[in-house]
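Notes follow the structure.
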Amino acid sequence: MLRSVILAASRSTTIERLVAAAPVSRDVVRRFVGGTTIDEALTAAAELTGTGVVISIDHLGEDTTTAEQASAVRAEYLALLDALDRAGLAAGTDVSVKLSALGQRFDEPAATGHARAICAAAAAVGGTVTLDMEDHTTTDSTLDILQTLRADHPSTGAVLQAYLRRTEADCRELATAGSRVRLCKGAYAEPESVAYQSAIDVDKSFVRCLNILFSGAGYPMLATHDPRLIAIAEDRARWFDRAPEEFEFQMLYGVRPAEQARLAGEGYTMRVYLPYGTDWYGYLMRRLAERPANVAFLGRALRSRD
């Protein structure tokens, strides 16, 4: 029930205005969002890479309704990649792209063209691109565009969401040589017909999908903050003889930094998902909706850097 309330609030412009005006919101944004501009994102990225982690940068915003907005998002990513290169931060950095922000919902061919331009720019500076996954209605389209992009840019990453019932089959399809797959739990309100509803069922699906990815020839990217799932992943890596450089962990900026440092210190690739931009409200609300307990967690996090 609380998850549904949070997701409903994420679509309310009235609540957004109230949250944005609250003094505590500034502290939340600073903690979990790497700024509103490219320069601020670069500062956060430099600080992170100095601690031994790698990064995935996401420009926040997905409510694109016009071709002009889609072109502006493409231009933002091209400017971001150029700035990363000039700052010496591009090599090994991933940029995370929502196809809806590029116009996927109203002009799929144009969105594909925008994504192709971003992939080419990332490849030119030694970076990579991962296509974010959104609600289940866009899954087939996103995977189709992924296949198109991989023809010229095989390192383009995919995101699969463990709460969808289809994801085990998608993992089998994508667990191939050279395929980068980020596995997460999922953060959208989905009907029971397509998605598991209970936390335990989502966790079980995550583990099944994890095993499929580890047993394949691809490169798994495990996006979770759950201590139990991290421990299972470490165990499964040993079981499948996966060297630390053959997969990676991913966590959100500002969440469990001590655990991020531990994993990096033990030789694992630890990638931090670094969002930036002015459209932070929907992002933050989805993070709360992933686990309603995160409401209390974020409150504690604001009081402690551990």
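Residues are referred to by chain and number: the chain letter is A, B, ... according to the order shown in the structure tokens, the number counts from 1 in that chain, and ligands are numbered separately from 1 in the order shown.
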Can you list, as a short mmCIF file (atom, residue, chain, number, x, y, z; two decimals) with all heavy atoms, in the first residue's frame, all residues belonging to region 70-192 of chain A that DSSP tags as alpha helix (DSSP H)?
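So the final result, stored in out_7.cif, reads:
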data_model
loop_
_atom_site.label_atom_id
_atom_site.label_comp_id
_atom_site.auth_asym_id
_atom_site.auth_seq_id
_atom_site.Cartn_x
_atom_site.Cartn_y
_atom_site.Cartn_z
N ALA A 70 13.62 15.80 -27.07
CA ALA A 70 14.45 14.62 -27.29
C ALA A 70 15.82 15.03 -27.83
O ALA A 70 16.86 14.50 -27.40
CB ALA A 70 13.76 13.66 -28.27
N SER A 71 15.85 15.96 -28.75
CA SER A 71 17.12 16.44 -29.29
C SER A 71 17.95 17.13 -28.22
O SER A 71 19.18 17.01 -28.20
CB SER A 71 16.86 17.41 -30.45
OG SER A 71 16.24 16.76 -31.54
N ALA A 72 17.28 17.82 -27.29
CA ALA A 72 18.00 18.49 -26.21
C ALA A 72 18.63 17.47 -25.26
O ALA A 72 19.75 17.69 -24.76
CB ALA A 72 17.05 19.40 -25.44
N VAL A 73 17.95 16.36 -25.02
CA VAL A 73 18.52 15.32 -24.17
C VAL A 73 19.75 14.72 -24.84
O VAL A 73 20.80 14.50 -24.20
CB VAL A 73 17.47 14.23 -23.87
CG1 VAL A 73 18.12 13.04 -23.16
CG2 VAL A 73 16.35 14.81 -23.01
N ARG A 74 19.65 14.44 -26.12
CA ARG A 74 20.82 13.94 -26.87
C ARG A 74 21.98 14.92 -26.76
O ARG A 74 23.12 14.51 -26.47
CB ARG A 74 20.44 13.74 -28.34
CG ARG A 74 21.63 13.58 -29.28
CD ARG A 74 21.17 13.42 -30.71
NE ARG A 74 22.25 13.63 -31.67
CZ ARG A 74 22.21 13.26 -32.94
NH1 ARG A 74 21.13 12.65 -33.40
NH2 ARG A 74 23.21 13.50 -33.76
N ALA A 75 21.72 16.20 -26.95
CA ALA A 75 22.77 17.21 -26.86
C ALA A 75 23.39 17.25 -25.47
O ALA A 75 24.61 17.43 -25.32
CB ALA A 75 22.21 18.58 -27.23
N GLU A 76 22.57 17.06 -24.44
CA GLU A 76 23.07 17.05 -23.07
C GLU A 76 24.06 15.90 -22.87
O GLU A 76 25.14 16.08 -22.28
CB GLU A 76 21.91 16.92 -22.08
CG GLU A 76 22.33 16.82 -20.63
CD GLU A 76 22.80 18.13 -20.02
OE1 GLU A 76 22.53 19.19 -20.62
OE2 GLU A 76 23.42 18.11 -18.95
N TYR A 77 23.72 14.72 -23.36
CA TYR A 77 24.61 13.57 -23.21
C TYR A 77 25.90 13.76 -24.00
O TYR A 77 26.99 13.38 -23.53
CB TYR A 77 23.91 12.27 -23.62
CG TYR A 77 23.14 11.64 -22.49
CD1 TYR A 77 21.75 11.78 -22.41
CD2 TYR A 77 23.78 10.92 -21.50
CE1 TYR A 77 21.04 11.21 -21.37
CE2 TYR A 77 23.08 10.34 -20.45
CZ TYR A 77 21.71 10.49 -20.39
OH TYR A 77 21.01 9.93 -19.35
N LEU A 78 25.81 14.32 -25.18
CA LEU A 78 27.02 14.56 -25.96
C LEU A 78 27.92 15.57 -25.25
O LEU A 78 29.16 15.41 -25.21
CB LEU A 78 26.66 15.06 -27.36
CG LEU A 78 25.86 14.08 -28.24
CD1 LEU A 78 25.64 14.68 -29.63
CD2 LEU A 78 26.55 12.73 -28.34
N ALA A 79 27.31 16.61 -24.66
CA ALA A 79 28.09 17.59 -23.90
C ALA A 79 28.70 16.95 -22.66
O ALA A 79 29.85 17.24 -22.28
CB ALA A 79 27.21 18.77 -23.52
N LEU A 80 27.94 16.06 -22.00
CA LEU A 80 28.45 15.36 -20.82
C LEU A 80 29.67 14.51 -21.17
O LEU A 80 30.70 14.55 -20.47
CB LEU A 80 27.34 14.48 -20.23
CG LEU A 80 27.77 13.50 -19.13
CD1 LEU A 80 28.28 14.25 -17.90
CD2 LEU A 80 26.61 12.57 -18.78
N LEU A 81 29.58 13.76 -22.24
CA LEU A 81 30.70 12.89 -22.64
C LEU A 81 31.92 13.71 -23.02
O LEU A 81 33.05 13.34 -22.68
CB LEU A 81 30.26 11.98 -23.79
CG LEU A 81 29.31 10.85 -23.36
CD1 LEU A 81 28.57 10.28 -24.57
CD2 LEU A 81 30.11 9.74 -22.66
N ASP A 82 31.71 14.82 -23.70
CA ASP A 82 32.82 15.70 -24.04
C ASP A 82 33.47 16.26 -22.78
O ASP A 82 34.71 16.31 -22.67
CB ASP A 82 32.33 16.83 -24.93
CG ASP A 82 33.45 17.80 -25.31
OD1 ASP A 82 34.40 17.37 -25.99
OD2 ASP A 82 33.37 18.97 -24.90
N ALA A 83 32.66 16.66 -21.81
CA ALA A 83 33.18 17.21 -20.56
C ALA A 83 33.93 16.13 -19.77
O ALA A 83 34.99 16.40 -19.17
CB ALA A 83 32.05 17.79 -19.72
N LEU A 84 33.40 14.92 -19.75
CA LEU A 84 34.09 13.82 -19.07
C LEU A 84 35.46 13.57 -19.70
O LEU A 84 36.46 13.35 -19.00
CB LEU A 84 33.25 12.55 -19.13
CG LEU A 84 32.02 12.48 -18.22
CD1 LEU A 84 31.12 11.33 -18.63
CD2 LEU A 84 32.45 12.31 -16.75
N ASP A 85 35.50 13.62 -21.02
CA ASP A 85 36.76 13.39 -21.73
C ASP A 85 37.77 14.49 -21.40
O ASP A 85 38.94 14.20 -21.10
CB ASP A 85 36.49 13.34 -23.23
CG ASP A 85 37.73 12.96 -24.04
OD1 ASP A 85 38.47 12.06 -23.61
OD2 ASP A 85 37.95 13.58 -25.09
N ARG A 86 37.34 15.74 -21.44
CA ARG A 86 38.26 16.85 -21.15
C ARG A 86 38.75 16.81 -19.71
O ARG A 86 39.85 17.25 -19.42
CB ARG A 86 37.57 18.18 -21.46
CG ARG A 86 37.42 18.44 -22.96
CD ARG A 86 36.87 19.82 -23.26
NE ARG A 86 35.44 19.91 -23.02
CZ ARG A 86 34.88 20.52 -22.00
NH1 ARG A 86 35.66 21.11 -21.08
NH2 ARG A 86 33.57 20.56 -21.86
N GLU A 108 10.00 6.06 -32.18
CA GLU A 108 11.04 5.07 -31.86
C GLU A 108 12.24 5.15 -32.80
O GLU A 108 13.39 5.07 -32.33
CB GLU A 108 10.43 3.66 -31.88
CG GLU A 108 11.39 2.59 -31.41
CD GLU A 108 10.71 1.24 -31.28
OE1 GLU A 108 9.73 1.15 -30.50
OE2 GLU A 108 11.15 0.29 -31.97
N PRO A 109 12.07 5.33 -34.12
CA PRO A 109 13.25 5.45 -34.99
C PRO A 109 14.13 6.65 -34.62
O PRO A 109 15.37 6.54 -34.63
CB PRO A 109 12.64 5.61 -36.39
CG PRO A 109 11.31 4.93 -36.29
CD PRO A 109 10.82 5.25 -34.91
N ALA A 110 13.51 7.77 -34.29
CA ALA A 110 14.31 8.94 -33.90
C ALA A 110 15.03 8.68 -32.60
O ALA A 110 16.21 9.05 -32.44
CB ALA A 110 13.41 10.17 -33.77
N ALA A 111 14.36 8.04 -31.64
CA ALA A 111 15.01 7.72 -30.36
C ALA A 111 16.20 6.79 -30.59
O ALA A 111 17.25 6.95 -29.94
CB ALA A 111 13.99 7.07 -29.42
N THR A 112 16.05 5.85 -31.50
CA THR A 112 17.16 4.95 -31.82
C THR A 112 18.33 5.72 -32.40
O THR A 112 19.50 5.48 -32.05
CB THR A 112 16.70 3.87 -32.81
OG1 THR A 112 15.58 3.16 -32.27
CG2 THR A 112 17.82 2.88 -33.12
N GLY A 113 18.04 6.68 -33.27
CA GLY A 113 19.10 7.51 -33.84
C GLY A 113 19.81 8.33 -32.79
O GLY A 113 21.05 8.46 -32.81
N HIS A 114 19.06 8.90 -31.86
CA HIS A 114 19.68 9.67 -30.78
C HIS A 114 20.58 8.76 -29.93
O HIS A 114 21.70 9.14 -29.58
CB HIS A 114 18.60 10.29 -29.89
CG HIS A 114 17.81 11.37 -30.54
ND1 HIS A 114 18.35 12.29 -31.42
CD2 HIS A 114 16.49 11.71 -30.42
CE1 HIS A 114 17.42 13.13 -31.82
NE2 HIS A 114 16.27 12.79 -31.24
N ALA A 115 20.07 7.57 -29.60
CA ALA A 115 20.85 6.64 -28.79
C ALA A 115 22.12 6.21 -29.53
O ALA A 115 23.19 6.08 -28.92
CB ALA A 115 20.01 5.43 -28.42
N ARG A 116 22.01 6.02 -30.83
CA ARG A 116 23.19 5.63 -31.62
C ARG A 116 24.25 6.73 -31.57
O ARG A 116 25.45 6.44 -31.44
CB ARG A 116 22.78 5.35 -33.07
CG ARG A 116 23.95 4.85 -33.93
CD ARG A 116 23.51 4.57 -35.35
NE ARG A 116 22.69 3.38 -35.43
CZ ARG A 116 21.38 3.37 -35.72
NH1 ARG A 116 20.76 4.53 -35.94
NH2 ARG A 116 20.71 2.25 -35.78
N ALA A 117 23.85 7.97 -31.64
CA ALA A 117 24.80 9.08 -31.57
C ALA A 117 25.50 9.12 -30.21
O ALA A 117 26.71 9.38 -30.12
CB ALA A 117 24.09 10.40 -31.83
N ILE A 118 24.75 8.84 -29.15
CA ILE A 118 25.34 8.83 -27.81
C ILE A 118 26.31 7.65 -27.68
O ILE A 118 27.40 7.80 -27.11
CB ILE A 118 24.23 8.76 -26.75
CG1 ILE A 118 23.37 10.03 -26.80
CG2 ILE A 118 24.83 8.57 -25.35
CD1 ILE A 118 22.09 9.95 -25.97
N CYS A 119 25.95 6.50 -28.21
CA CYS A 119 26.84 5.33 -28.17
C CYS A 119 28.15 5.62 -28.91
O CYS A 119 29.24 5.27 -28.44
CB CYS A 119 26.16 4.12 -28.79
SG CYS A 119 24.85 3.39 -27.78
N ALA A 120 28.05 6.26 -30.07
CA ALA A 120 29.24 6.58 -30.85
C ALA A 120 30.13 7.56 -30.09
O ALA A 120 31.37 7.41 -30.07
CB ALA A 120 28.84 7.17 -32.21
N ALA A 121 29.52 8.56 -29.46
CA ALA A 121 30.30 9.54 -28.69
C ALA A 121 30.97 8.88 -27.49
O ALA A 121 32.13 9.19 -27.17
CB ALA A 121 29.39 10.68 -28.23
N ALA A 122 30.28 7.96 -26.83
CA ALA A 122 30.87 7.27 -25.69
C ALA A 122 32.04 6.40 -26.13
O ALA A 122 33.10 6.39 -25.49
CB ALA A 122 29.81 6.41 -24.99
N ALA A 123 31.86 5.67 -27.22
CA ALA A 123 32.94 4.81 -27.72
C ALA A 123 34.17 5.63 -28.09
O ALA A 123 35.31 5.19 -27.86
CB ALA A 123 32.45 4.01 -28.92
N ALA A 124 33.97 6.82 -28.62
CA ALA A 124 35.09 7.66 -29.05
C ALA A 124 35.96 8.12 -27.89
O ALA A 124 37.15 8.43 -28.09
CB ALA A 124 34.56 8.87 -29.83
N THR A 139 9.42 -2.68 -22.48
CA THR A 139 10.50 -3.67 -22.44
C THR A 139 10.85 -4.20 -23.82
O THR A 139 12.02 -4.25 -24.21
CB THR A 139 10.13 -4.84 -21.51
OG1 THR A 139 9.87 -4.34 -20.19
CG2 THR A 139 11.26 -5.87 -21.44
N ASP A 140 9.85 -4.64 -24.59
CA ASP A 140 10.14 -5.19 -25.92
C ASP A 140 10.80 -4.15 -26.82
O ASP A 140 11.77 -4.45 -27.53
CB ASP A 140 8.85 -5.71 -26.57
CG ASP A 140 8.40 -7.03 -25.98
OD1 ASP A 140 9.27 -7.83 -25.55
OD2 ASP A 140 7.18 -7.28 -25.93
N SER A 141 10.29 -2.93 -26.80
CA SER A 141 10.86 -1.87 -27.61
C SER A 141 12.32 -1.61 -27.22
O SER A 141 13.19 -1.47 -28.09
CB SER A 141 10.04 -0.59 -27.46
OG SER A 141 10.71 0.52 -28.03
N THR A 142 12.57 -1.55 -25.92
CA THR A 142 13.94 -1.28 -25.45
C THR A 142 14.90 -2.38 -25.87
O THR A 142 16.03 -2.11 -26.32
CB THR A 142 13.95 -1.10 -23.92
OG1 THR A 142 13.11 0.00 -23.57
CG2 THR A 142 15.35 -0.85 -23.40
N LEU A 143 14.47 -3.63 -25.76
CA LEU A 143 15.35 -4.74 -26.14
C LEU A 143 15.54 -4.79 -27.66
O LEU A 143 16.63 -5.17 -28.14
CB LEU A 143 14.79 -6.06 -25.62
CG LEU A 143 14.79 -6.21 -24.09
CD1 LEU A 143 14.20 -7.55 -23.68
CD2 LEU A 143 16.20 -6.06 -23.52
N ASP A 144 14.54 -4.40 -28.41
CA ASP A 144 14.69 -4.32 -29.87
C ASP A 144 15.71 -3.24 -30.25
O ASP A 144 16.57 -3.46 -31.12
CB ASP A 144 13.35 -4.02 -30.54
CG ASP A 144 12.40 -5.20 -30.53
OD1 ASP A 144 12.86 -6.34 -30.28
OD2 ASP A 144 11.19 -4.99 -30.75
N ILE A 145 15.62 -2.09 -29.60
CA ILE A 145 16.57 -1.01 -29.87
C ILE A 145 17.97 -1.43 -29.44
O ILE A 145 18.96 -1.14 -30.12
CB ILE A 145 16.12 0.29 -29.18
CG1 ILE A 145 14.82 0.80 -29.83
CG2 ILE A 145 17.21 1.36 -29.25
CD1 ILE A 145 14.20 1.97 -29.11
N LEU A 146 18.05 -2.13 -28.31
CA LEU A 146 19.35 -2.65 -27.86
C LEU A 146 20.00 -3.50 -28.94
O LEU A 146 21.19 -3.34 -29.26
CB LEU A 146 19.16 -3.46 -26.58
CG LEU A 146 20.40 -4.20 -26.09
CD1 LEU A 146 21.38 -3.24 -25.44
CD2 LEU A 146 20.01 -5.31 -25.10
N GLN A 147 19.23 -4.42 -29.51
CA GLN A 147 19.77 -5.29 -30.55
C GLN A 147 20.26 -4.48 -31.75
O GLN A 147 21.32 -4.77 -32.33
CB GLN A 147 18.71 -6.30 -30.98
CG GLN A 147 19.21 -7.33 -31.99
CD GLN A 147 18.14 -8.36 -32.32
OE1 GLN A 147 16.99 -8.24 -31.90
NE2 GLN A 147 18.52 -9.37 -33.08
N THR A 148 19.50 -3.47 -32.12
CA THR A 148 19.91 -2.61 -33.23
C THR A 148 21.22 -1.89 -32.93
O THR A 148 22.14 -1.86 -33.76
CB THR A 148 18.81 -1.57 -33.53
OG1 THR A 148 17.61 -2.25 -33.91
CG2 THR A 148 19.23 -0.62 -34.64
N LEU A 149 21.33 -1.33 -31.74
CA LEU A 149 22.53 -0.58 -31.36
C LEU A 149 23.75 -1.49 -31.26
O LEU A 149 24.87 -1.09 -31.61
CB LEU A 149 22.30 0.14 -30.03
CG LEU A 149 21.24 1.24 -30.03
CD1 LEU A 149 21.03 1.77 -28.62
CD2 LEU A 149 21.65 2.38 -30.97
N ARG A 150 23.55 -2.70 -30.79
CA ARG A 150 24.68 -3.60 -30.61
C ARG A 150 25.31 -4.04 -31.93
O ARG A 150 26.44 -4.53 -31.93
CB ARG A 150 24.26 -4.82 -29.79
CG ARG A 150 24.17 -4.54 -28.29
CD ARG A 150 23.89 -5.79 -27.48
NE ARG A 150 24.02 -5.52 -26.06
CZ ARG A 150 23.80 -6.44 -25.11
NH1 ARG A 150 23.44 -7.68 -25.45
NH2 ARG A 150 23.95 -6.13 -23.84
N THR A 167 11.71 -11.96 -16.87
CA THR A 167 13.12 -11.61 -16.84
C THR A 167 14.06 -12.81 -16.89
O THR A 167 15.15 -12.71 -17.46
CB THR A 167 13.41 -10.71 -15.62
OG1 THR A 167 12.66 -9.51 -15.75
CG2 THR A 167 14.89 -10.36 -15.52
N GLU A 168 13.66 -13.93 -16.32
CA GLU A 168 14.54 -15.11 -16.42
C GLU A 168 14.78 -15.47 -17.88
O GLU A 168 15.92 -15.76 -18.28
CB GLU A 168 13.91 -16.29 -15.68
CG GLU A 168 13.99 -16.19 -14.16
CD GLU A 168 13.35 -17.38 -13.49
OE1 GLU A 168 13.89 -18.49 -13.62
OE2 GLU A 168 12.29 -17.19 -12.84
N ALA A 169 13.73 -15.44 -18.69
CA ALA A 169 13.89 -15.75 -20.11
C ALA A 169 14.76 -14.71 -20.80
O ALA A 169 15.60 -15.04 -21.65
CB ALA A 169 12.52 -15.83 -20.79
N ASP A 170 14.58 -13.43 -20.43
CA ASP A 170 15.41 -12.38 -21.02
C ASP A 170 16.87 -12.55 -20.62
O ASP A 170 17.78 -12.29 -21.43
CB ASP A 170 14.90 -11.00 -20.58
CG ASP A 170 13.57 -10.63 -21.21
OD1 ASP A 170 13.30 -11.11 -22.33
OD2 ASP A 170 12.81 -9.87 -20.59
N CYS A 171 17.12 -12.97 -19.39
CA CYS A 171 18.50 -13.23 -18.96
C CYS A 171 19.15 -14.32 -19.82
O CYS A 171 20.31 -14.19 -20.21
CB CYS A 171 18.53 -13.64 -17.48
SG CYS A 171 18.33 -12.28 -16.31
N ARG A 172 18.40 -15.36 -20.09
CA ARG A 172 18.96 -16.43 -20.93
C ARG A 172 19.30 -15.92 -22.33
O ARG A 172 20.31 -16.30 -22.91
CB ARG A 172 17.98 -17.60 -21.01
CG ARG A 172 17.79 -18.35 -19.69
CD ARG A 172 16.97 -19.62 -19.86
NE ARG A 172 16.80 -20.30 -18.59
CZ ARG A 172 15.77 -20.08 -17.77
NH1 ARG A 172 14.80 -19.24 -18.13
NH2 ARG A 172 15.68 -20.71 -16.62
N GLU A 173 18.45 -15.05 -22.86
CA GLU A 173 18.69 -14.50 -24.19
C GLU A 173 19.92 -13.61 -24.22
O GLU A 173 20.66 -13.57 -25.21
CB GLU A 173 17.47 -13.70 -24.64
CG GLU A 173 16.25 -14.53 -24.99
CD GLU A 173 16.43 -15.31 -26.28
OE1 GLU A 173 17.13 -14.82 -27.19
OE2 GLU A 173 15.88 -16.43 -26.37
N LEU A 174 20.17 -12.90 -23.11
CA LEU A 174 21.22 -11.89 -23.10
C LEU A 174 22.52 -12.35 -22.45
O LEU A 174 23.50 -11.60 -22.46
CB LEU A 174 20.71 -10.62 -22.40
CG LEU A 174 19.63 -9.85 -23.14
CD1 LEU A 174 19.11 -8.70 -22.29
CD2 LEU A 174 20.16 -9.30 -24.47
#
TODO: Using DSSP on the backbone coordinates, identify all residues within region 73-223 of chain A classified as strand (DSSP E or B); present the result as a list in words.
DONE: Asp94, Val95, Ser96, Val97, Thr128, Val129, Thr130, Leu131, Gly157, Ala158, Val159, Leu160, Gln161, Leu164, Arg180, Val181, Arg182, Leu183, Cys184, Ala195, Tyr219, Pro220, Met221, Leu222 and Ala223 of chain A
Task: Nearest to Val33 (chain A), chosen from A:Pro275, A:Gly61, A:Pro191, A:Gly52, with only C-alpha atoms counted in the distances - done: A:Pro275
- [ ] May I ask which of the residues A:Gly216, A:Ser155, A:Phe249, A:Asp58 is the closest one to Thr269 (chain A), counting only C-alpha atoms?
- [x]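 Under the stated criterion, the closest residue is A:Phe249.
Among the candidate residues A:Leu274, A:Ala177, A:Leu183, A:Met133, the one lying nearest to Arg31 (chain A) is A:Leu274, with distances computed using only C-alpha atoms.
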TODO: Determine the nearest neighbour of Tyr163 (chain A) from the options A:Asp241, A:Glu248, A:Glu192, A:Asp132, counting only C-alpha atoms.
DONE: A:Glu192
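Residue nearest Ala46 (chain A), chosen from A:Ala243, A:Ala258, A:Val272, A:Leu229 and counting only C-alpha atoms: A:Val272.
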TODO: Write out as a PyMOL selection string the residues lying within 8 Å of Asp135 (chain A), counting only C-alpha atoms and excluding same-chain residues fewer than 3 positions away.
DONE: chain A and resi 138-139+188-190
Please write the residues from the selection above to a file, keeping all heavy atoms, as a PDB file, in the first residue's frame.
ATOM      1  N   THR A 138       7.418  -0.869 -22.140  1.00  0.00           N
ATOM      2  CA  THR A 138       8.515  -0.472 -23.030  1.00  0.00           C
ATOM      3  C   THR A 138       9.600  -1.546 -23.155  1.00  0.00           C
ATOM      4  O   THR A 138      10.574  -1.338 -23.869  1.00  0.00           O
ATOM      5  CB  THR A 138       9.177   0.822 -22.529  1.00  0.00           C
ATOM      6  OG1 THR A 138       9.807   0.583 -21.261  1.00  0.00           O
ATOM      7  CG2 THR A 138       8.164   1.944 -22.373  1.00  0.00           C
ATOM      8  N   THR A 139       9.424  -2.681 -22.482  1.00  0.00           N
ATOM      9  CA  THR A 139      10.502  -3.673 -22.439  1.00  0.00           C
ATOM     10  C   THR A 139      10.849  -4.205 -23.825  1.00  0.00           C
ATOM     11  O   THR A 139      12.024  -4.251 -24.214  1.00  0.00           O
ATOM     12  CB  THR A 139      10.126  -4.843 -21.510  1.00  0.00           C
ATOM     13  OG1 THR A 139       9.872  -4.338 -20.192  1.00  0.00           O
ATOM     14  CG2 THR A 139      11.257  -5.865 -21.440  1.00  0.00           C
ATOM     15  N   TYR A 188       8.957   0.231 -10.717  1.00  0.00           N
ATOM     16  CA  TYR A 188       7.716   0.795 -11.243  1.00  0.00           C
ATOM     17  C   TYR A 188       6.525   0.001 -10.722  1.00  0.00           C
ATOM     18  O   TYR A 188       6.650  -1.175 -10.342  1.00  0.00           O
ATOM     19  CB  TYR A 188       7.730   0.787 -12.771  1.00  0.00           C
ATOM     20  CG  TYR A 188       8.737   1.744 -13.369  1.00  0.00           C
ATOM     21  CD1 TYR A 188      10.070   1.379 -13.528  1.00  0.00           C
ATOM     22  CD2 TYR A 188       8.361   3.024 -13.758  1.00  0.00           C
ATOM     23  CE1 TYR A 188      11.007   2.264 -14.054  1.00  0.00           C
ATOM     24  CE2 TYR A 188       9.286   3.916 -14.284  1.00  0.00           C
ATOM     25  CZ  TYR A 188      10.605   3.523 -14.431  1.00  0.00           C
ATOM     26  OH  TYR A 188      11.519   4.402 -14.942  1.00  0.00           O
ATOM     27  N   ALA A 189       5.365   0.624 -10.687  1.00  0.00           N
ATOM     28  CA  ALA A 189       4.138  -0.064 -10.280  1.00  0.00           C
ATOM     29  C   ALA A 189       3.664  -0.925 -11.442  1.00  0.00           C
ATOM     30  O   ALA A 189       3.301  -0.404 -12.494  1.00  0.00           O
ATOM     31  CB  ALA A 189       3.069   0.948  -9.885  1.00  0.00           C
ATOM     32  N   GLU A 190       3.670  -2.228 -11.256  1.00  0.00           N
ATOM     33  CA  GLU A 190       3.327  -3.163 -12.325  1.00  0.00           C
ATOM     34  C   GLU A 190       2.205  -4.095 -11.871  1.00  0.00           C
ATOM     35  O   GLU A 190       2.128  -4.458 -10.698  1.00  0.00           O
ATOM     36  CB  GLU A 190       4.553  -4.003 -12.709  1.00  0.00           C
ATOM     37  CG  GLU A 190       5.768  -3.204 -13.148  1.00  0.00           C
ATOM     38  CD  GLU A 190       5.651  -2.661 -14.567  1.00  0.00           C
ATOM     39  OE1 GLU A 190       4.524  -2.677 -15.117  1.00  0.00           O
ATOM     40  OE2 GLU A 190       6.667  -2.217 -15.115  1.00  0.00           O
TER      41      GLU A 190
END
Residues within 10 Å of Leu252 (chain A), please, as a PDB file with C-alpha atoms, in the first residue's frame. Count only C-alpha atoms; anything in the same chain fewer than 5 positions from it doesn't count.
ATOM      1  CA  PHE A  32      21.624  11.301  -3.412  1.00  0.00           C
ATOM      2  CA  VAL A  33      21.963  13.442  -6.562  1.00  0.00           C
ATOM      3  CA  ILE A  55      30.760   5.364 -12.206  1.00  0.00           C
ATOM      4  CA  SER A  56      27.631   5.324 -14.311  1.00  0.00           C
ATOM      5  CA  ALA A 223      22.588  -3.563  -8.890  1.00  0.00           C
ATOM      6  CA  THR A 224      21.559  -4.127  -5.281  1.00  0.00           C
ATOM      7  CA  HIS A 225      22.149  -2.737  -1.801  1.00  0.00           C
ATOM      8  CA  PRO A 257      29.094   4.154   0.923  1.00  0.00           C
ATOM      9  CA  GLN A 260      30.829   0.354  -1.606  1.00  0.00           C
ATOM     10  CA  ARG A 271      30.196   1.036  -9.970  1.00  0.00           C
ATOM     11  CA  VAL A 272      28.266   3.923  -8.453  1.00  0.00           C
ATOM     12  CA  TYR A 273      25.145   5.153 -10.250  1.00  0.00           C
ATOM     13  CA  LEU A 274      25.489   8.935 -10.249  1.00  0.00           C
ATOM     14  CA  PRO A 275      22.368  10.896 -11.275  1.00  0.00           C
ATOM     15  CA  ARG A 287      14.045   4.935  -4.921  1.00  0.00           C
TER      16      ARG A 287
END
TODO: Go through A:Ala264, A:Val207, A:Leu222, A:Val95 one by one, measure the shortest atom-to-atom distance of each to Cys184 (chain A) using only C-alpha atoms, and give the residue with the smallest value.
DONE: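 Distance minimum relative to Cys184 (chain A) lands on A:Leu222.
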- [ ] Pick out the residues sitting within 12 Å of Glu259 (chain A), and hand them over as an MDAnalysis selection string; count only C-alpha atoms, and ignore anything fewer than 6 positions along from it in its own chain.
- [x] chainID A and resid 53 224:227 230:231 249:253 265:266 268 270:272 305:306
Task: Point-to-point distance in Å for CA of Leu284 (chain A) and CA of Glu40 (chain A) - done: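 Going from CA of Glu40 (chain A) over to CA of Leu284 (chain A), I get 18.1 Å.
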